[in-house]
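A.B. asks: Attaching a single structure in structure tokens format; questions to follow.
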Amino acid sequence: MNPILEVKDLTYIYSAGTPFQHKALDQVSFSVCPGEFIGIIGHTGSGKSTLMQQLNGLLKPTSGQVLLDGKDIWTDKQTTRQARFRVGLVFQYPEYQLFEETVYKDIAFGPKNMGLSQEEVNRRVLDAAGFVGLTKAQLEASPFDLSGGQKRRVAIAGVIAMEPEVLILDEPTAGLDPVGRGEILSNIETYRKAKNATIMMVSHSMEDVARLTDRLLVMNGSKLAFDATPQEVFSHAEELLSMGLSIPQVTQVFLHLRHMGLDVPNVYTMEQAAEAILKLRGGACHA
């Protein structure tokens with residue numbers, strides 16, 4: 001399968017050529033296949049947000065390339081414009097960017113800018129609202145009359161309505177309670193399955209990325225430290241901790257058990273932990 005996104009030797013320097021220049025990305029390379037769910041983790045200042053803004057053309061690389069279906073997104077203005085529709089970006093706390101009179105108009109803003117017919121705009125608004133669990137009554141309400149979690153859904157729906165092939169989210173559950181977090185993540189997974197979309201999600205919740213993603217990109221000091229499955233990444237628990245990252249709580253528990261001398265595997269989900277404990281108990285019973 002050909003990758004939908006490729007990042008090749010990507011470097012980005014803020015304030016280049018000034019005394020304040022700072023290298024936010026340093027020779028970063030990876031590829032993304034259609035339909036993948038990729039998590040992006042890293043400590044504050046590691047380059048995660050800068051990387052996301054490179055992927056849909058909000059920032060132009062100092063050097064290196066971002067390829068969408070094999071074509072550099074900076075080939076010409078039209079290619080860059082199309083990339084911004086095909087690669088949707090949801091910033092952290094996107095509800096602060098709501099501005100229209102009604103929820104419907106806010107969700108419709110992106111599709112209208114794509115030059116679509118009113119009939120197609122309407123279809124996309126209703127589809128996007130369905131993906132995030134908004135009712136028809138809520139579509140006619142002011143977005144400012146909704147709860148925090150509902151506003152977050154409206155903002156995500158506004159990006160989903162453009163039907164991006166790649167959906168990038170920066171901490172989509174930040175500040176939400178456990179119920180709201182679960183609902184937002186479920187909405188994202190529903191969209192992914194319905195559209196066979198590619199998802200890239202920045203998160204500080206190691207439990208969420210361990211449970212949901214196919215691969216993890218670990219940023220550290222502007223470089224890509226790991227590009228591997230969650231199991232492979234979290235098998236380097238002590239190295240992640242040394243980078244200032246957390247690890248899933250269950251991984252911490254099993255790491256402590258190994259330090260105590262118990263022969264336990266690397267785990268990163270509760271399901272794996274339960275299976276490992278049952279094996280230990282079974283072994284003890286047959287001893």
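By convention in this document, the chains of the structure tokens carry letters A, B, ... by their order, each chain's residues are numbered from 1, and ligands are numbered from 1 in the order they are shown.
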Run DSSP on the backbone and grab whatever in range 105-225 of chain A lands in strand (DSSP E or B); send it over as a list in words.
C.D. replies: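 Answer for range 105-225 of chain A, restricted to strand (DSSP E or B): Val166, Leu167, Ile168, Leu169, Asp170, Thr198, Ile199, Met200, Met201, Val202, Arg215, Leu216, Leu217, Val218, Met219, Asn220, Lys223, Leu224 and Ala225 of chain A.
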A.B. asks: Need the shell around range 117-134 of chain A: protein/DNA/RNA residues with any atom at most 6 Å away, counting only C-alpha atoms. Skip same-chain ones fewer than 6 positions apart. Format as a PyMOL selection string?
C.D. replies: chain A and resi 107-108+111+153+157+160-161+187
A.B. asks: Using only C-alpha atoms, which protein or nucleic acid residues come within 7 Å of range 234-246 of chain A? Drop anything in the same chain fewer than 6 positions from it, and give the result as a ChimeraX atom specification.
C.D. replies: /A:42-43,206,220,266,268
A.B. asks: So which residues of range 147-275 of chain A fall under alpha helix (DSSP H) by DSSP, listed as a PyMOL selection string?
C.D. replies: chain A and resi 148-160+178-195+206-212+230-234+237-242+249-259+270-275
A.B. asks: Residues within 12 Å of Gln231 in chain A, please, as a list in words. Count only C-alpha atoms; anything in the same chain fewer than 3 positions from it doesn't count.
C.D. replies: Met206, Val209, Ala210, Arg211, Leu212, Thr213, Asp214, Arg215, Leu216, Phe226, Asp227, Ala228, Phe234, Ser235, His236, Ala237, Ile247, Pro248, Thr251, Pro265, Asn266, Val267, Tyr268, Thr269 and Gln272 of chain A
A.B. asks: Keeping only C-alpha atoms, write the selected residues to a file as a tab-separated table (two decimals), in the first residue's frame.
C.D. replies:
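Saved to result.tsv:
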```tsv
chain	number	residue	atom	x	y	z
A	206	MET	CA	-0.58	7.24	27.39
A	209	VAL	CA	-2.69	6.12	22.65
A	210	ALA	CA	-1.82	2.65	23.93
A	211	ARG	CA	-5.41	1.49	23.47
A	212	LEU	CA	-6.33	3.21	20.20
A	213	THR	CA	-3.33	3.66	17.93
A	214	ASP	CA	-1.58	1.42	15.44
A	215	ARG	CA	1.71	3.30	15.69
A	216	LEU	CA	3.36	5.91	17.87
A	226	PHE	CA	10.68	6.30	18.00
A	227	ASP	CA	8.37	5.24	15.17
A	228	ALA	CA	6.89	1.90	16.20
A	234	PHE	CA	6.32	1.10	25.71
A	235	SER	CA	8.84	-1.72	25.96
A	236	HIS	CA	11.31	1.19	26.30
A	237	ALA	CA	9.53	2.46	29.40
A	247	ILE	CA	3.88	5.72	30.47
A	248	PRO	CA	0.57	3.89	31.00
A	251	THR	CA	3.10	-0.37	32.42
A	265	PRO	CA	6.05	-9.29	30.37
A	266	ASN	CA	5.87	-5.76	29.05
A	267	VAL	CA	2.21	-4.67	29.02
A	268	TYR	CA	0.56	-1.40	28.10
A	269	THR	CA	-3.19	-2.14	28.32
A	272	GLN	CA	-2.75	-7.47	28.56
```
A.B. asks: Which neighbours of Ile73 in chain A fall inside 12 Å, counting only C-alpha atoms, when residues of the same chain fewer than 5 positions from it are skipped, and could you give them as an MDAnalysis selection string?
C.D. replies: chainID A and resid 4:7 54:61 64:68 78:87
A.B. asks: Rank A:Lys105, A:Lys112, A:Tyr191, A:Tyr93 by their smallest atom-to-atom distance to Lys151 in chain A, using only C-alpha atoms, and report the top residue only.
C.D. replies: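 Among A:Lys105, A:Lys112, A:Tyr191, A:Tyr93, it is A:Tyr93 that comes nearest to Lys151 in chain A.
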A.B. asks: Taking into account only C-alpha atoms, which residue in the set A:Phe30, A:Phe99, A:Trp74, A:Phe37 is nearest to Ile168 in chain A?
C.D. replies: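 Ranked by minimum distance to Ile168 in chain A, first place goes to A:Phe37.
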A.B. asks: Let me make sure I understand: among A:Val154, A:Leu255, A:Met260, A:Val28, which one has the smallest atom-to-atom distance to Phe109 in chain A if we use only C-alpha atoms?
C.D. replies: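 Distance minimum relative to Phe109 in chain A lands on A:Val154.
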